[in-house]
Amino acid sequence: MDVVDRALARIADGDRSAGASERLDLEFKTDGRSVKDDLANIAEAAACLANAAGGAVVVGVDDKATGAAAFVGTRLEPERTRLRIYEITQPPLLIEAETRETSHGPVLVLTVPSSTQVHSASGKIPTERVADRCLPMSTERITAVTAQKTGRDWSGEPSDVPASGVDPVAMQVAREMLGRSSDLAKRRLAEAVDIDLLRAVGVVREDQTLTRAGALLFTRGSEHAVLLSYTHRRTPAGQLTANEQLTGPLVVALQRVFDLIGARLETTPVSIGKGQQLHIADLPEPAVREAVVNGLMHREYFSAERTTVEHTVTQLRVSSPGGFVPGVNVDNVLTTSSRTRNANLAGAMRMLGLAETAGSGVDRMYAEMARVGHEPPRYAADPTRVEVTLLGGAPNTALARYVATLPAEEAADADTMLILLTLLTRKTIGADELRPLLQKPVIDEAQSVLARLSGDEIRLLEPTRETARRAYPKYRLREEALAALGPAVTYRRRTTDQLDRKIIELVHETGTINARMVRILLDLDTIGASRVLADLVDRGILIKTSEATRGPSVTYGRGSAFPAKAGRQSVISKHAGPSAHPADQLPFDDLDG
């Protein structure tokens, strides 16, 4: 069942109207005053979808009604509609048209591809799909979309600026960036003459002129155009305490923004033992740098708009012109392969150490936020803009202390850190729940991460006893991880010995117990109490003492392994046998939900 069929089924069932079902790739239409006007209207909708990600136009469904009343049908014929759209769109647009039967009658479905060109209809201004609307495209936007669809790299095109025209301050900033690198070759490059440095960064053409990326990074060609805006408030709604509008060169503007942000970050000292101490900022500096750099590296430079950085004590928001490149969206930005509209600029910025290697920058943002207890970056996007928000605050010091003990590759792994962060507030998690959080395309990829973290090498997780044999078990933190995390965990798990001790003490006092007494004593539901009692019977600590075998009349008394009042804990351990669960296995951690 495709997107159209699912939407039609919900409308037919009365769950929602066609108007409420419209989205980025789906539009509903009905017949109007004349066939000519209808075809012109539908051609405009098709061109709009083609200029974005493609989609479908469904004709014959009222956008306000639900159920059978919504299916009003259409007089349009598929082949005539297809031909007319081709005739009145510029350049001509080819679509697929078919009559599709529904439980309440036929509708016309037009399938529109995402085109490599920008189309208009009947000589009108081109439009593009933004959410569930078609909005007019400016000349600037048409140029940007055309470049994006054809794979044109604006940053790699000639600037006609000679390589000798670089700004001395920009070159000095670039050398300082290279000098901080852990790569010896890059540190040596910091000592090279200008032309050799520029060639190594990849921004010099054969005719000794700079690419547009080179001019942007190293010259004052943009000194009259604001590239980057930085504002700071103590609170989101407070008065401005800083407001800087920065022009080129871009490396100088970037360094200035890093300095402005760094001067306002507050840090918390965290002792990690052996006399070592970490200083953790309210907003992790590596995540901040990636957010700012990505906002400049991947933005749309056909637009005259600036990249904006809005900073408060606990929040940083970076907004940049241009939507995501095709294939990337807010639901796969963590896992999709690295793509950029500015390949030459991206290569130069990575060479300077401003950005991570291809495909690892977003991962690092996620990992750096999660490892100190902050939620993952929040993305919002439409075809004209991408926005990322980092929500910080005081770090979770217990979590940060624990992460410092992990192998470096795990502490830097976004998947590991997101799972660890989630299990601070949830007792268990499975691959089905984890898949959207980790943005994995299939459940098996999420399961492989959980299985890896439960292996003997890492020993972070373990499957719960009740689900261990399932294809996709539920996983929880191991006892040693729980103990090390301490107050970072917001729940308490009860060990088998703790449960045993409470029930044994009650039996010593009352002689017999029943399920209701266990539910009240341990604050469990009916199923949880039954599991506890069954486990104690299996280990011989309790036996059934009533004739009833099921229901509230069943009572339990002392079994053969029931401990004497003195030294009862050691007796539990001695008589429980091989089926008993040691304290670090915690089989009842989620009995009460």
# chains A, B, ... in the order shown; residues from 1 in each chain; ligands from 1
$ residues_around --residues "range 71-86 of chain A" --least-positions-apart "5" --cutoff "9 Å" --atoms "only C-alpha atoms" --output "PDB file with C-alpha atoms, in the first residue's frame"
ATOM      1  CA  ILE A  11     -10.387   9.275   4.343  1.00  0.00           C
ATOM      2  CA  ALA A  12     -12.778   6.428   3.472  1.00  0.00           C
ATOM      3  CA  THR A  30     -11.758  18.321  -7.239  1.00  0.00           C
ATOM      4  CA  ASP A  31     -13.416  19.368 -10.497  1.00  0.00           C
ATOM      5  CA  VAL A  35     -12.212  21.208 -17.833  1.00  0.00           C
ATOM      6  CA  ASP A  38      -9.196  22.189 -14.013  1.00  0.00           C
ATOM      7  CA  LEU A  39      -6.321  21.068 -16.233  1.00  0.00           C
ATOM      8  CA  ALA A  40      -4.485  24.365 -15.744  1.00  0.00           C
ATOM      9  CA  ILE A  42      -3.711  20.503 -11.889  1.00  0.00           C
ATOM     10  CA  ALA A  43      -0.717  21.329 -14.126  1.00  0.00           C
ATOM     11  CA  GLU A  44       0.351  24.001 -11.624  1.00  0.00           C
ATOM     12  CA  ALA A  46       2.129  18.914 -10.737  1.00  0.00           C
ATOM     13  CA  ALA A  47       4.851  21.458 -11.591  1.00  0.00           C
ATOM     14  CA  VAL A  59      -8.338  14.304  -8.343  1.00  0.00           C
ATOM     15  CA  GLY A  60     -11.880  13.526  -7.229  1.00  0.00           C
ATOM     16  CA  VAL A  61     -11.702  13.793  -3.425  1.00  0.00           C
ATOM     17  CA  ASP A  62     -13.311  16.703  -1.540  1.00  0.00           C
ATOM     18  CA  ALA A  65     -15.487  15.872   3.785  1.00  0.00           C
ATOM     19  CA  THR A  66     -14.739  12.394   5.170  1.00  0.00           C
ATOM     20  CA  PRO A  91       9.734  22.928 -19.867  1.00  0.00           C
ATOM     21  CA  PRO A  92       7.284  20.102 -20.654  1.00  0.00           C
ATOM     22  CA  LEU A  93       6.644  17.803 -17.685  1.00  0.00           C
ATOM     23  CA  LEU A  94       5.960  14.097 -18.107  1.00  0.00           C
ATOM     24  CA  ILE A  95       3.785  12.467 -15.458  1.00  0.00           C
ATOM     25  CA  GLU A  96       1.937   9.160 -15.032  1.00  0.00           C
ATOM     26  CA  ALA A  97      -1.877   9.147 -14.842  1.00  0.00           C
ATOM     27  CA  GLU A  98      -4.246   6.332 -13.853  1.00  0.00           C
ATOM     28  CA  THR A  99      -7.776   5.776 -12.621  1.00  0.00           C
ATOM     29  CA  THR A 102     -11.660   2.885  -4.142  1.00  0.00           C
ATOM     30  CA  HIS A 104     -16.462   4.637  -2.738  1.00  0.00           C
ATOM     31  CA  GLY A 105     -15.738   5.021  -6.428  1.00  0.00           C
ATOM     32  CA  PRO A 106     -12.845   5.875  -8.805  1.00  0.00           C
ATOM     33  CA  VAL A 107     -10.371   8.730  -8.481  1.00  0.00           C
ATOM     34  CA  LEU A 108      -7.657  10.029 -10.814  1.00  0.00           C
ATOM     35  CA  VAL A 109      -4.094   9.642  -9.506  1.00  0.00           C
ATOM     36  CA  LEU A 110      -1.251  11.603 -11.117  1.00  0.00           C
ATOM     37  CA  ALA A 121       2.617  26.122 -15.847  1.00  0.00           C
TER      38      ALA A 121
END
$ closest_atom_pairs --of "range 206-280 of chain A" --to "range 187-197 of chain A" --cutoff "12 Å" --atoms "only C-alpha atoms" --output "JSON lines"
{"residue": "A:Gln208", "atom": "CA", "partner": "A:Ile195", "partner_atom": "CA", "distance": 8.8}
{"residue": "A:Thr209", "atom": "CA", "partner": "A:Ile195", "partner_atom": "CA", "distance": 10.4}
{"residue": "A:Leu210", "atom": "CA", "partner": "A:Ile195", "partner_atom": "CA", "distance": 10.3}
{"residue": "A:Gly214", "atom": "CA", "partner": "A:Leu197", "partner_atom": "CA", "distance": 11.2}
{"residue": "A:Phe218", "atom": "CA", "partner": "A:Asp194", "partner_atom": "CA", "distance": 10.6}
$ write_last_selection --atoms "C-alpha atoms" --output "mmCIF file, in the first residue's frame"
data_model
loop_
_atom_site.group_PDB
_atom_site.id
_atom_site.type_symbol
_atom_site.label_atom_id
_atom_site.label_comp_id
_atom_site.auth_asym_id
_atom_site.auth_seq_id
_atom_site.Cartn_x
_atom_site.Cartn_y
_atom_site.Cartn_z
ATOM 1 C CA GLN A 208 46.319 30.742 -10.405
ATOM 2 C CA THR A 209 42.940 32.217 -9.497
ATOM 3 C CA LEU A 210 40.866 31.148 -6.518
ATOM 4 C CA GLY A 214 38.888 30.178 -1.794
ATOM 5 C CA PHE A 218 40.514 33.963 2.385
#
$ select_by_dssp --residues "range 298-426 of chain A" --states "helix (DSSP H, G or I)" --output "count of residues only"
39
$ residues_around --residues "range 270-286 of chain A" --least-positions-apart "3" --cutoff "7 Å" --atoms "only C-alpha atoms" --output "PyMOL selection string"
chain A and resi 265-267+289-290+314+368-369+392-395+397+401
$ closest_residue --among "A:Leu461, A:Ile142, A:Ala355, A:Val386" --to "Ala481 in chain A" --atoms "only C-alpha atoms"
A:Leu461
$ select_by_dssp --residues "range 203-350 of chain A" --states "strand (DSSP E or B)" --output "PyMOL selection string"
chain A and resi 204+209-211+228-233+240-246+267-273+276-281+307-312+315-321
$ closest_atom_pairs --of "range 212-308 of chain A" --to "range 162-165 of chain A" --cutoff "12 Å" --atoms "only C-alpha atoms" --output "JSON lines"
{"residue": "A:Arg212", "atom": "CA", "partner": "A:Pro162", "partner_atom": "CA", "distance": 11.1}
{"residue": "A:Ala213", "atom": "CA", "partner": "A:Ala163", "partner_atom": "CA", "distance": 11.9}
{"residue": "A:Gly214", "atom": "CA", "partner": "A:Ala163", "partner_atom": "CA", "distance": 8.4}
{"residue": "A:Ala215", "atom": "CA", "partner": "A:Ala163", "partner_atom": "CA", "distance": 8.5}
{"residue": "A:Leu216", "atom": "CA", "partner": "A:Gly165", "partner_atom": "CA", "distance": 11.8}
{"residue": "A:Leu217", "atom": "CA", "partner": "A:Gly165", "partner_atom": "CA", "distance": 11.9}
{"residue": "A:Phe218", "atom": "CA", "partner": "A:Gly165", "partner_atom": "CA", "distance": 8.6}
{"residue": "A:Thr219", "atom": "CA", "partner": "A:Gly165", "partner_atom": "CA", "distance": 6.8}
{"residue": "A:Arg220", "atom": "CA", "partner": "A:Gly165", "partner_atom": "CA", "distance": 8.9}
{"residue": "A:Gly221", "atom": "CA", "partner": "A:Gly165", "partner_atom": "CA", "distance": 9.6}
{"residue": "A:Pro249", "atom": "CA", "partner": "A:Gly165", "partner_atom": "CA", "distance": 11.7}
$ write_last_selection --atoms "C-alpha atoms" --output "PDB file, in the first residue's frame"
ATOM      1  CA  ARG A 212      34.678  30.743  -5.070  1.00  0.00           C
ATOM      2  CA  ALA A 213      35.356  28.760  -1.899  1.00  0.00           C
ATOM      3  CA  GLY A 214      38.888  30.178  -1.794  1.00  0.00           C
ATOM      4  CA  ALA A 215      37.659  33.746  -2.278  1.00  0.00           C
ATOM      5  CA  LEU A 216      35.002  33.235   0.376  1.00  0.00           C
ATOM      6  CA  LEU A 217      37.429  31.816   2.936  1.00  0.00           C
ATOM      7  CA  PHE A 218      40.514  33.963   2.385  1.00  0.00           C
ATOM      8  CA  THR A 219      39.609  37.316   0.789  1.00  0.00           C
ATOM      9  CA  ARG A 220      37.616  40.407   1.638  1.00  0.00           C
ATOM     10  CA  GLY A 221      35.474  40.058  -1.462  1.00  0.00           C
ATOM     11  CA  PRO A 249      36.955  36.496   5.025  1.00  0.00           C
TER      12      PRO A 249
END
$ atom_distance --atom1 "CA of Thr428 in chain A" --atom2 "CA of Lys474 in chain A"
5.9 Å
$ atom_distance --atom1 "CA of Asp153 in chain A" --atom2 "CA of Leu334 in chain A"
23.2 Å
$ residues_around --residues "Ser448 in chain A" --least-positions-apart "2" --cutoff "12 Å" --atoms "only C-alpha atoms" --output "PDB file with C-alpha atoms, in the first residue's frame"
ATOM      1  CA  ASP A 415      24.716   5.008  18.905  1.00  0.00           C
ATOM      2  CA  THR A 416      26.329   3.983  22.209  1.00  0.00           C
ATOM      3  CA  GLY A 430      14.246  -2.872  22.336  1.00  0.00           C
ATOM      4  CA  ALA A 431      15.324  -2.557  18.733  1.00  0.00           C
ATOM      5  CA  ASP A 432      11.826  -1.533  17.605  1.00  0.00           C
ATOM      6  CA  LEU A 434      15.473   2.253  19.258  1.00  0.00           C
ATOM      7  CA  ARG A 435      15.336   2.235  15.447  1.00  0.00           C
ATOM      8  CA  LEU A 438      19.204   5.948  16.049  1.00  0.00           C
ATOM      9  CA  LYS A 440      18.376   3.191  11.375  1.00  0.00           C
ATOM     10  CA  VAL A 442      15.735  -1.311   9.381  1.00  0.00           C
ATOM     11  CA  ILE A 443      15.192  -2.885  12.792  1.00  0.00           C
ATOM     12  CA  ASP A 444      18.060  -5.375  12.330  1.00  0.00           C
ATOM     13  CA  GLU A 445      20.589  -2.524  12.309  1.00  0.00           C
ATOM     14  CA  ALA A 446      19.306  -1.308  15.667  1.00  0.00           C
ATOM     15  CA  LEU A 450      22.215  -3.636  21.092  1.00  0.00           C
ATOM     16  CA  ALA A 451      23.812  -7.061  20.589  1.00  0.00           C
ATOM     17  CA  ARG A 452      27.271  -5.496  20.297  1.00  0.00           C
ATOM     18  CA  LEU A 453      26.848  -3.527  23.521  1.00  0.00           C
ATOM     19  CA  SER A 454      25.734  -6.671  25.350  1.00  0.00           C
ATOM     20  CA  GLY A 455      28.812  -8.652  24.299  1.00  0.00           C
ATOM     21  CA  ALA A 471      14.512 -12.377  17.990  1.00  0.00           C
ATOM     22  CA  TYR A 472      14.472  -8.822  19.318  1.00  0.00           C
ATOM     23  CA  PRO A 473      14.942  -8.924  23.099  1.00  0.00           C
TER      24      PRO A 473
END
$ closest_residue --among "A:Asp523, A:Asp132, A:Glu375, A:Glu101" --to "Leu437 in chain A" --atoms "only C-alpha atoms"
A:Glu375
$ residues_around --residues "Gly19 in chain A" --least-positions-apart "2" --cutoff "9 Å" --atoms "only C-alpha atoms" --output "number ranges by chain"
A: 16-17, 21-22, 27-28, 62-65
$ residues_around --residues "Leu482 in chain A" --least-positions-apart "6" --cutoff "10 Å" --atoms "only C-alpha atoms" --output "list in words"
Tyr402, Leu423, Leu424, Leu460, Leu461, Arg476, Ala488, Val489, Arg492 and Arg493 of chain A
$ atom_distance --atom1 "CA of Pro326 in chain A" --atom2 "CA of Thr308 in chain A"
22.8 Å
$ closest_residue --among "A:His311, A:Val537, A:Gln255, A:Lys36" --to "Asn243 in chain A" --atoms "only C-alpha atoms"
A:His311
$ residues_around --residues "Val112 in chain A" --least-positions-apart "4" --cutoff "6 Å" --atoms "only C-alpha atoms" --output "PyMOL selection string"
chain A and resi 54-56+95
